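The file model.cif contains mmCIF, C-alpha atoms:
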data_structure
loop_
_atom_site.group_PDB
_atom_site.id
_atom_site.type_symbol
_atom_site.label_atom_id
_atom_site.label_comp_id
_atom_site.auth_asym_id
_atom_site.auth_seq_id
_atom_site.Cartn_x
_atom_site.Cartn_y
_atom_site.Cartn_z
ATOM 1 C CA MET A 3 9.476 209.482 246.544
ATOM 2 C CA LEU A 4 5.725 209.006 246.671
ATOM 3 C CA ILE A 5 4.183 208.428 243.235
ATOM 4 C CA LEU A 6 0.406 208.556 242.854
ATOM 5 C CA ASN A 7 -1.649 207.858 239.768
ATOM 6 C CA CYS A 8 -3.998 210.772 239.134
ATOM 7 C CA PRO A 9 -7.446 209.285 238.378
ATOM 8 C CA TYR A 10 -8.415 212.360 236.343
ATOM 9 C CA CYS A 11 -5.551 212.708 233.894
ATOM 10 C CA GLY A 12 -4.158 209.192 234.203
ATOM 11 C CA VAL A 13 -0.517 210.095 234.766
ATOM 12 C CA SER A 14 1.829 208.776 237.417
ATOM 13 C CA ALA A 15 2.530 211.995 239.232
ATOM 14 C CA ASP A 16 5.414 212.205 241.623
ATOM 15 C CA GLU A 17 5.139 213.969 244.945
ATOM 16 C CA THR A 18 6.562 217.227 243.612
ATOM 17 C CA GLU A 19 3.582 217.627 241.265
ATOM 18 C CA LEU A 20 1.111 217.130 244.089
ATOM 19 C CA THR A 21 -0.198 219.045 247.064
ATOM 20 C CA ALA A 22 -1.229 217.148 250.172
ATOM 21 C CA GLY A 23 -4.740 217.899 251.370
ATOM 22 C CA GLY A 24 -4.792 215.991 254.649
ATOM 23 C CA GLU A 25 -7.223 213.404 255.899
ATOM 24 C CA ALA A 26 -9.991 212.257 253.555
ATOM 25 C CA HIS A 27 -13.693 211.716 254.166
ATOM 26 C CA LEU A 28 -14.208 214.357 256.857
ATOM 27 C CA THR A 29 -17.764 215.203 257.745
ATOM 28 C CA LEU A 30 -18.490 218.901 257.686
ATOM 29 C CA ALA A 31 -19.880 220.345 260.899
ATOM 30 C CA THR A 32 -22.575 222.859 260.192
ATOM 31 C CA VAL A 33 -25.256 225.099 261.652
ATOM 32 C CA GLY A 34 -26.907 223.488 264.649
ATOM 33 C CA ASP A 35 -24.029 221.169 265.518
ATOM 34 C CA ASP A 36 -22.614 221.354 269.014
ATOM 35 C CA ASP A 37 -19.118 222.481 270.004
ATOM 36 C CA ALA A 38 -17.816 218.928 270.156
ATOM 37 C CA ALA A 39 -18.811 218.320 266.526
ATOM 38 C CA PHE A 40 -17.071 221.503 265.424
ATOM 39 C CA GLU A 41 -13.987 220.614 267.422
ATOM 40 C CA ALA A 42 -13.903 217.201 265.783
ATOM 41 C CA TYR A 43 -14.345 218.659 262.322
ATOM 42 C CA LEU A 44 -11.804 221.441 262.689
ATOM 43 C CA PHE A 45 -9.073 219.891 264.803
ATOM 44 C CA MET A 46 -9.354 216.166 265.412
ATOM 45 C CA ARG A 47 -7.365 214.195 262.859
ATOM 46 C CA LYS A 48 -6.422 210.560 262.581
ATOM 47 C CA ASN A 49 -2.736 209.803 262.653
ATOM 48 C CA PRO A 50 -2.605 206.092 261.893
ATOM 49 C CA ARG A 51 0.477 203.963 261.641
ATOM 50 C CA GLY A 52 -0.587 201.921 258.637
ATOM 51 C CA VAL A 53 -3.463 202.299 256.212
ATOM 52 C CA HIS A 54 -4.587 205.872 255.715
ATOM 53 C CA PHE A 55 -6.923 207.726 253.338
ATOM 54 C CA GLU A 56 -5.820 211.152 252.188
ATOM 55 C CA ARG A 57 -6.797 213.933 249.828
ATOM 56 C CA TRP A 58 -4.268 215.055 247.235
ATOM 57 C CA ARG A 59 -4.381 217.683 244.541
ATOM 58 C CA HIS A 60 -2.639 217.328 241.204
ATOM 59 C CA ALA A 61 -1.515 220.940 241.519
ATOM 60 C CA ASN A 62 1.197 220.968 238.853
ATOM 61 C CA GLY A 63 -0.999 219.081 236.439
ATOM 62 C CA CYS A 64 -4.708 218.874 235.781
ATOM 63 C CA GLY A 65 -5.464 220.707 239.029
ATOM 64 C CA LYS A 66 -7.988 218.172 240.282
ATOM 65 C CA TRP A 67 -8.432 216.884 243.825
ATOM 66 C CA PHE A 68 -8.483 213.140 244.307
ATOM 67 C CA HIS A 69 -8.270 210.542 247.063
ATOM 68 C CA ALA A 70 -5.440 208.148 247.793
ATOM 69 C CA ALA A 71 -5.213 205.099 250.032
ATOM 70 C CA ARG A 72 -1.708 204.400 251.250
ATOM 71 C CA CYS A 73 0.276 203.011 254.136
ATOM 72 C CA THR A 74 1.970 205.642 256.272
ATOM 73 C CA MET A 75 4.518 203.127 257.495
ATOM 74 C CA THR A 76 5.707 201.533 254.225
ATOM 75 C CA LEU A 77 4.556 204.243 251.759
ATOM 76 C CA GLU A 78 2.806 201.474 249.827
ATOM 77 C CA VAL A 79 0.018 202.917 247.686
ATOM 78 C CA PHE A 80 -3.156 200.831 247.536
ATOM 79 C CA GLY A 81 -4.870 202.983 244.965
ATOM 80 C CA THR A 82 -6.279 206.373 244.073
ATOM 81 C CA TYR A 83 -9.894 207.225 243.409
ATOM 82 C CA SER A 84 -12.294 210.005 242.541
ATOM 83 C CA ALA A 85 -12.908 212.910 244.888
ATOM 84 C CA GLN A 86 -16.657 212.640 244.258
ATOM 85 C CA THR A 87 -17.261 210.095 246.982
ATOM 86 C CA SER A 88 -17.726 210.193 250.744
ATOM 87 C CA GLU A 89 -16.204 206.798 251.437
ATOM 88 C CA PRO A 90 -13.565 204.564 249.820
ATOM 89 C CA PRO A 91 -14.915 202.476 246.918
ATOM 90 C CA GLN A 92 -15.058 198.698 247.227
ATOM 91 C CA GLU A 93 -12.134 198.024 244.870
ATOM 92 C CA ILE A 94 -9.823 200.135 247.020
ATOM 93 C CA ILE A 95 -10.949 198.308 250.154
ATOM 94 C CA ASP A 96 -10.401 195.002 248.337
ATOM 95 C CA SER A 97 -6.891 195.962 247.287
ATOM 96 C CA ILE A 98 -6.050 196.969 250.861
ATOM 97 C CA LYS A 99 -7.471 193.706 252.228
ATOM 98 C CA ALA A 100 -5.431 191.759 249.700
ATOM 99 C CA ARG A 101 -2.301 193.205 251.305
ATOM 100 C CA ARG A 102 -3.542 193.662 254.899
ATOM 101 C CA PRO A 103 -5.993 190.813 255.624
ATOM 102 C CA ASP A 104 -6.575 191.918 259.214
ATOM 103 C CA TRP A 105 -7.442 195.463 258.313
ATOM 104 C CA ALA A 106 -11.030 196.739 258.341
ATOM 105 C CA LEU A 107 -12.422 200.100 257.323
ATOM 106 C CA SER A 108 -14.051 200.396 260.736
ATOM 107 C CA ASP A 109 -10.548 200.463 262.268
ATOM 108 C CA TRP A 110 -9.729 203.566 260.296
ATOM 109 C CA MET A 111 -13.122 205.159 260.916
ATOM 110 C CA GLY A 112 -12.511 204.729 264.637
ATOM 111 C CA THR A 113 -15.621 202.623 265.091
ATOM 112 C CA GLY A 114 -13.809 199.296 265.382
ATOM 113 C CA LYS A 115 -12.095 197.544 268.253
ATOM 114 C CA GLY A 116 -9.088 199.805 268.355
ATOM 115 C CA ASP A 117 -7.172 202.367 266.379
ATOM 116 C CA ALA A 118 -5.694 201.352 263.056
ATOM 117 C CA VAL A 119 -2.317 199.748 263.474
ATOM 118 C CA MET B 24 -4.356 252.026 221.284
ATOM 119 C CA TYR B 25 -1.531 249.730 222.300
ATOM 120 C CA SER B 26 0.147 246.922 220.411
ATOM 121 C CA ALA B 27 0.317 243.518 222.025
ATOM 122 C CA VAL B 28 3.809 242.471 223.106
ATOM 123 C CA SER B 29 4.793 238.931 223.992
ATOM 124 C CA ALA B 30 6.500 238.165 227.299
ATOM 125 C CA LEU B 31 10.092 238.114 226.043
ATOM 126 C CA ASN B 32 9.712 239.404 222.482
ATOM 127 C CA GLY B 33 10.926 236.301 220.680
ATOM 128 C CA VAL B 34 14.263 235.905 222.470
ATOM 129 C CA SER B 35 16.170 232.709 221.761
ATOM 130 C CA ASN B 36 19.187 230.794 222.985
ATOM 131 C CA VAL B 37 21.139 228.113 221.143
ATOM 132 C CA GLY B 38 22.954 225.332 222.935
ATOM 133 C CA PHE B 39 22.791 221.622 222.241
ATOM 134 C CA ALA B 40 19.094 222.327 221.751
ATOM 135 C CA THR B 41 17.416 225.603 220.892
ATOM 136 C CA VAL B 42 15.087 227.562 223.166
ATOM 137 C CA THR B 43 12.900 230.158 221.485
ATOM 138 C CA GLU B 44 10.170 232.335 222.871
ATOM 139 C CA MET B 45 7.388 232.044 220.338
ATOM 140 C CA GLY B 46 6.276 235.662 220.296
ATOM 141 C CA LEU B 47 2.562 236.374 220.188
ATOM 142 C CA CYS B 48 0.369 233.264 220.366
ATOM 143 C CA GLY B 49 -3.371 233.219 220.667
ATOM 144 C CA MET B 50 -4.810 231.029 223.421
ATOM 145 C CA ILE B 51 -8.328 230.384 224.578
ATOM 146 C CA THR B 52 -9.328 228.462 227.666
ATOM 147 C CA LEU B 53 -12.557 226.535 227.281
ATOM 148 C CA ARG B 54 -14.124 224.770 230.238
ATOM 149 C CA GLY B 55 -17.201 222.650 230.019
ATOM 150 C CA ASP B 56 -18.435 219.096 229.617
ATOM 151 C CA LEU B 57 -16.044 217.666 227.007
ATOM 152 C CA ALA B 58 -18.267 214.635 226.419
ATOM 153 C CA ASP B 59 -21.091 216.870 225.258
ATOM 154 C CA ALA B 60 -21.898 216.328 221.557
ATOM 155 C CA LYS B 61 -22.947 219.900 220.896
ATOM 156 C CA LEU B 62 -19.742 221.246 222.430
ATOM 157 C CA ALA B 63 -17.701 218.880 220.255
ATOM 158 C CA LYS B 64 -19.563 220.018 217.159
ATOM 159 C CA VAL B 65 -19.057 223.705 217.910
ATOM 160 C CA ILE B 66 -15.336 223.222 218.568
ATOM 161 C CA THR B 67 -14.811 221.210 215.403
ATOM 162 C CA SER B 68 -16.676 223.667 213.212
ATOM 163 C CA ALA B 69 -14.854 226.653 214.746
ATOM 164 C CA THR B 70 -11.308 225.274 214.804
ATOM 165 C CA GLY B 71 -11.368 222.388 212.307
ATOM 166 C CA ALA B 72 -9.884 220.121 214.964
ATOM 167 C CA ASP B 73 -11.718 217.430 216.932
ATOM 168 C CA VAL B 74 -12.035 217.411 220.709
ATOM 169 C CA PRO B 75 -8.815 215.654 221.790
ATOM 170 C CA ALA B 76 -8.658 212.478 223.838
ATOM 171 C CA GLN B 77 -7.065 212.447 227.283
ATOM 172 C CA ARG B 78 -3.624 214.175 227.215
ATOM 173 C CA ARG B 79 -3.697 214.623 223.444
ATOM 174 C CA VAL B 80 -3.595 217.579 221.092
ATOM 175 C CA THR B 81 -5.505 217.755 217.824
ATOM 176 C CA THR B 82 -4.461 220.163 215.103
ATOM 177 C CA SER B 83 -5.906 221.685 211.968
ATOM 178 C CA GLY B 84 -3.772 224.176 210.031
ATOM 179 C CA ASP B 85 -2.587 226.816 212.498
ATOM 180 C CA HIS B 86 -5.199 225.815 215.079
ATOM 181 C CA ALA B 87 -4.551 223.309 217.849
ATOM 182 C CA VAL B 88 -6.828 222.026 220.594
ATOM 183 C CA ALA B 89 -5.165 220.589 223.693
ATOM 184 C CA TRP B 90 -6.643 218.459 226.506
ATOM 185 C CA MET B 91 -5.782 220.192 229.788
ATOM 186 C CA SER B 92 -8.004 218.392 232.310
ATOM 187 C CA PRO B 93 -11.253 216.379 232.196
ATOM 188 C CA ASP B 94 -13.239 219.588 231.778
ATOM 189 C CA GLU B 95 -10.766 221.972 230.179
ATOM 190 C CA LEU B 96 -9.374 222.560 226.691
ATOM 191 C CA LEU B 97 -6.767 225.004 225.477
ATOM 192 C CA ILE B 98 -7.273 226.290 221.957
ATOM 193 C CA MET B 99 -4.089 227.624 220.332
ATOM 194 C CA LEU B 100 -4.374 229.852 217.267
ATOM 195 C CA PRO B 101 -2.888 233.017 215.734
ATOM 196 C CA HIS B 102 -2.927 235.878 218.241
ATOM 197 C CA ASP B 103 -5.084 238.215 216.160
ATOM 198 C CA ALA B 104 -7.739 235.544 215.591
ATOM 199 C CA ALA B 105 -8.376 234.900 219.294
ATOM 200 C CA ASP B 106 -11.049 237.500 219.983
ATOM 201 C CA ALA B 107 -13.100 236.456 216.943
ATOM 202 C CA MET B 108 -12.800 232.809 218.005
ATOM 203 C CA VAL B 109 -14.011 233.624 221.536
ATOM 204 C CA ALA B 110 -17.020 235.377 220.007
ATOM 205 C CA THR B 111 -17.746 232.422 217.697
ATOM 206 C CA LEU B 112 -17.478 229.855 220.500
ATOM 207 C CA THR B 113 -19.481 231.945 222.963
ATOM 208 C CA GLU B 114 -22.258 232.319 220.438
ATOM 209 C CA GLY B 115 -22.185 228.673 219.416
ATOM 210 C CA LEU B 116 -22.288 227.513 223.036
ATOM 211 C CA SER B 117 -24.826 229.997 224.348
ATOM 212 C CA GLY B 118 -27.149 228.402 226.882
ATOM 213 C CA GLN B 119 -24.524 225.784 227.812
ATOM 214 C CA HIS B 120 -22.624 225.709 231.099
ATOM 215 C CA VAL B 121 -19.238 226.676 229.662
ATOM 216 C CA LEU B 122 -16.472 229.205 230.103
ATOM 217 C CA VAL B 123 -14.603 230.657 227.118
ATOM 218 C CA VAL B 124 -11.853 233.169 227.842
ATOM 219 C CA ASN B 125 -9.055 234.671 225.780
ATOM 220 C CA VAL B 126 -5.916 234.050 227.861
ATOM 221 C CA SER B 127 -3.379 234.859 225.111
ATOM 222 C CA ASP B 128 -1.622 237.576 227.059
ATOM 223 C CA ALA B 129 -1.523 235.625 230.311
ATOM 224 C CA ARG B 130 0.913 233.056 228.963
ATOM 225 C CA GLY B 131 4.426 232.733 227.633
ATOM 226 C CA VAL B 132 5.078 230.121 224.970
ATOM 227 C CA PHE B 133 8.473 228.568 224.257
ATOM 228 C CA THR B 134 9.735 225.935 221.878
ATOM 229 C CA LEU B 135 12.529 223.571 222.667
ATOM 230 C CA SER B 136 13.906 222.104 219.456
ATOM 231 C CA GLY B 137 16.767 219.947 218.319
ATOM 232 C CA ASP B 138 17.933 216.405 218.973
ATOM 233 C CA GLY B 139 18.397 217.110 222.679
ATOM 234 C CA ALA B 140 14.926 218.573 223.279
ATOM 235 C CA ARG B 141 13.662 215.532 225.203
ATOM 236 C CA ASP B 142 16.804 215.482 227.337
ATOM 237 C CA VAL B 143 16.453 219.151 228.221
ATOM 238 C CA ALA B 144 12.813 218.758 229.205
ATOM 239 C CA ALA B 145 13.636 215.661 231.244
ATOM 240 C CA LYS B 146 16.239 217.607 233.211
ATOM 241 C CA LEU B 147 13.578 219.986 234.459
ATOM 242 C CA ALA B 148 10.325 218.033 234.794
ATOM 243 C CA PRO B 149 9.378 214.804 236.618
ATOM 244 C CA VAL B 150 7.972 213.322 233.420
ATOM 245 C CA ASP B 151 8.902 210.316 231.284
ATOM 246 C CA PHE B 152 9.865 211.908 227.968
ATOM 247 C CA ALA B 153 10.808 208.633 226.238
ATOM 248 C CA THR B 154 9.362 208.295 222.730
ATOM 249 C CA ASP B 155 7.024 205.464 223.675
ATOM 250 C CA ALA B 156 5.667 207.358 226.688
ATOM 251 C CA PHE B 157 5.468 210.825 225.158
ATOM 252 C CA ASP B 158 4.749 210.790 221.453
ATOM 253 C CA ILE B 159 3.877 213.481 218.926
ATOM 254 C CA ASN B 160 0.823 215.497 219.914
ATOM 255 C CA ASP B 161 0.905 214.242 223.480
ATOM 256 C CA ILE B 162 0.557 216.963 226.083
ATOM 257 C CA ARG B 163 1.558 216.749 229.719
ATOM 258 C CA ARG B 164 0.995 219.368 232.370
ATOM 259 C CA SER B 165 3.655 219.240 235.008
ATOM 260 C CA ARG B 166 6.233 221.515 236.534
ATOM 261 C CA LEU B 167 9.300 222.986 234.887
ATOM 262 C CA ALA B 168 11.835 223.291 237.712
ATOM 263 C CA GLN B 169 9.790 225.385 240.160
ATOM 264 C CA VAL B 170 6.874 226.603 238.055
ATOM 265 C CA PRO B 171 3.832 224.923 236.440
ATOM 266 C CA ALA B 172 4.113 224.334 232.704
ATOM 267 C CA ALA B 173 2.529 222.302 229.927
ATOM 268 C CA PHE B 174 4.690 220.280 227.558
ATOM 269 C CA TRP B 175 3.372 219.554 224.073
ATOM 270 C CA MET B 176 5.314 217.355 221.658
ATOM 271 C CA SER B 177 4.404 219.470 218.647
ATOM 272 C CA ALA B 178 6.861 217.936 216.146
ATOM 273 C CA PRO B 179 9.271 214.955 216.177
ATOM 274 C CA ASP B 180 12.027 216.926 217.910
ATOM 275 C CA THR B 181 10.156 219.977 219.122
ATOM 276 C CA ILE B 182 8.509 220.452 222.491
ATOM 277 C CA THR B 183 6.256 223.462 222.887
ATOM 278 C CA ILE B 184 6.145 224.716 226.464
ATOM 279 C CA VAL B 185 3.351 226.882 227.817
ATOM 280 C CA ALA B 186 3.873 228.676 231.116
ATOM 281 C CA PHE B 187 2.455 231.681 232.910
ATOM 282 C CA ARG B 188 3.662 235.001 231.557
ATOM 283 C CA SER B 189 4.666 236.157 235.018
ATOM 284 C CA VAL B 190 7.356 233.456 235.135
ATOM 285 C CA ALA B 191 8.434 233.701 231.475
ATOM 286 C CA GLN B 192 11.870 235.104 232.301
ATOM 287 C CA TYR B 193 12.462 232.328 234.831
ATOM 288 C CA VAL B 194 11.385 229.686 232.312
ATOM 289 C CA PHE B 195 13.675 231.107 229.641
ATOM 290 C CA ASP B 196 16.622 231.347 232.048
ATOM 291 C CA VAL B 197 16.227 227.835 233.390
ATOM 292 C CA LEU B 198 15.837 226.396 229.868
ATOM 293 C CA SER B 199 18.853 228.361 228.655
ATOM 294 C CA LYS B 200 20.910 226.925 231.490
ATOM 295 C CA ALA B 201 19.703 223.421 230.664
ATOM 296 C CA VAL B 202 20.676 223.647 226.973
ATOM 297 C CA ALA B 203 24.196 224.930 227.696
ATOM 298 C CA GLN B 204 26.939 223.320 225.620
ATOM 299 C CA GLY B 205 28.791 220.746 227.666
ATOM 300 C CA SER B 206 25.695 219.657 229.579
ATOM 301 C CA GLU B 207 24.453 217.173 226.976
ATOM 302 C CA VAL B 208 22.863 214.053 228.407
ATOM 303 C CA GLY B 209 22.462 211.834 225.345
ATOM 304 C CA PHE B 210 19.817 209.682 227.001
ATOM 305 C CA HIS B 211 16.823 210.003 224.687
#

Using structure tokens, write down the structure that the file contains.
Amino acid sequence: MLILNCPYCGVSADETELTAGGEAHLTLATVGDDDAAFEAYLFMRKNPRGVHFERWRHANGCGKWFHAARCTMTLEVFGTYSAQTSEPPQEIIDSIKARRPDWALSDWMGTGKGDAV
Amino acid sequence: MYSAVSALNGVSNVGFATVTEMGLCGMITLRGDLADAKLAKVITSATGADVPAQRRVTTSGDHAVAWMSPDELLIMLPHDAADAMVATLTEGLSGQHVLVVNVSDARGVFTLSGDGARDVAAKLAPVDFATDAFDINDIRRSRLAQVPAAFWMSAPDTITIVAFRSVAQYVFDVLSKAVAQGSEVGFH
């Protein structure tokens, strides 16, 4: 059972109180963008084996959206953080690096050497 | 003119704990910036209770103010006082970015009382109901079996449960099942 700490109401909420919102930190394609940008925004999603950033909503609770960093392979949770941000805060990155020294945010963003493993 | 009727008209069921539908309860949803000093002042002067801290309920006489989310309060009061309270709050907070709505008839309110109240609630919600984790005047929004509900520890062995009126019968049925004699847990 996945248990995430809601940063808005401070409770440890189990999976059944939450709604998954998919990949975090997407960039909205908008007027003037080309078809490739829209395709990327609408359909292209990361599917990493390892560290992943996701959006979750505390649906049966305070109702707020928040972000979570977790490992898709071990279900380890590195931390949760506010939805009012477009990239993971430094303390989340630090807590991931403490557990996964080889990991870099650029791996997840797809701008690094290879896909996140 | 019609008379207001509560969801289940005060029905109750006695097992190793007691489930009672509370009848008519007044409820007002207030959304706004809870850290705002003027908002706090208006709420305190209107209800007598302070703005509660995170996941807490403050009370004053028959008024209670519950923390529902970082920008939402639930004010509980007698049913016939709700409209006047909405008017008072709306006037006091005019010009502010707030929402004040009387939601009394959109909800069903139940109490779960008796020694086994914590056990019954723990059967149905993924919440730690131990005394040190959930004390008097703590409130926790969660789910009750399959529907959203708020749990308020309103007295030492009483949990007040607020759910949507549309699922009131379901809430009563599932609580009645959970208090059935012979299904005692004896954990809390």

Which polymer residues have any atom within 9 Å of an atom of B:Asn32, counting all atoms listed in the file, with same-chain residues fewer than 5 positions away left out, as an mmCIF file with C-alpha atoms, in the frame of the given file?
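The resulting selection.cif:
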data_model
loop_
_atom_site.group_PDB
_atom_site.id
_atom_site.type_symbol
_atom_site.label_atom_id
_atom_site.label_comp_id
_atom_site.auth_asym_id
_atom_site.auth_seq_id
_atom_site.Cartn_x
_atom_site.Cartn_y
_atom_site.Cartn_z
ATOM 1 C CA GLU B 44 10.170 232.335 222.871
ATOM 2 C CA MET B 45 7.388 232.044 220.338
ATOM 3 C CA GLY B 46 6.276 235.662 220.296
ATOM 4 C CA LEU B 47 2.562 236.374 220.188
#

Open item on the list: I'd like to see the residues matched by the PyMOL selection byres ((chain B) within 10 of (chain A)) on this file, and ideally I'd get them as a ChimeraX atom specification.
Closed with: /B:77-78,90-95,148-151,163-173

Task: Spatial neighbours of stretch 121-127 of chain B, max dist 12 Å, all atoms listed in the file, sep filter under 6 positions, as a PyMOL selection string - done: chain B and resi 27-30+46-57+59+61-62+66+94-115+185-188

TODO: Please evaluate the PyMOL selection byres ((chain A and resi 98) around 12) against the displayed coordinates and give the resulting residues as an MDAnalysis selection string.
DONE: chainID A and resid 52:55 70:73 78:82 90:97 99:107

Task: Separation of atom CA of A:His27 from atom CA of A:Leu77, in Å and rounded to one decimal - done: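 Result for atom CA of A:His27 versus atom CA of A:Leu77: 19.9 Å, one decimal.
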
Task: Long-range neighbours of B:Val42 as JSON, numbers by chain, 6 Å cut-off, all atoms listed in the file, 4 positions minimum in chain - done: {"B": [35, 36, 134, 135]}

- [ ] Tell me, in Å to one decimal, how far atom CA of A:Ala31 is from atom CA of A:Leu6.
- [x] 29.6 Å

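Residue nearest B:Gly38 within the list B:Val143, B:Met176, B:Ala76, B:Phe210: B:Val143 [criterion: smallest interatomic distance, only C-alpha atoms].
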
Task: Residue IDs satisfying the PyMOL selection byres ((chain A and resi 85-87) around 6), as a ChimeraX atom specification - done: /A:68-69,84,88-89

Centre, edges in Å (one decimal): axis-aligned box, stretch 29-34 of chain A, 8 Å padding on all six sides, as AutoDock Vina command-line options:
--center_x -22.3 --center_y 220.2 --center_z 261.2 --size_x 25.1 --size_y 25.9 --size_z 23.0

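Counting only C-alpha atoms and comparing A:Trp110, A:Trp67, A:Phe40, A:Phe45, the residue that lies closest to A:Tyr83 is A:Trp67.
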
Open item on the list: Nearest residue to B:Ser177 out of B:Thr81, B:Gln192, B:Ser199, B:Ser117, using only C-alpha atoms?
Closed with: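 Comparing B:Thr81, B:Gln192, B:Ser199, B:Ser117 against B:Ser177, the winner is B:Thr81.
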
Task: Among the residues B:Ala58, B:Val80, B:Ala40, B:Ile159, the one that comes closest to B:Lys200 [using all atoms listed in the file] - done: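 Smallest separation from B:Lys200 among the options: B:Ala40.
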
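Here atom CA of B:Asp158 stands at a distance of 23.8 Å from atom CA of B:Arg130.
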
Task: Proximity to A:Leu44 - best of A:Leu28, A:Ser108, A:Glu56, A:Gly23, all atoms listed in the file - done: A:Leu28

Task: Given all atoms listed in the file as the counted atoms, nearest of A:Thr74, A:Trp58, A:Val33, A:Glu25 to A:Cys8 - done: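 Of the candidates, the smallest distance to A:Cys8 is held by A:Trp58.
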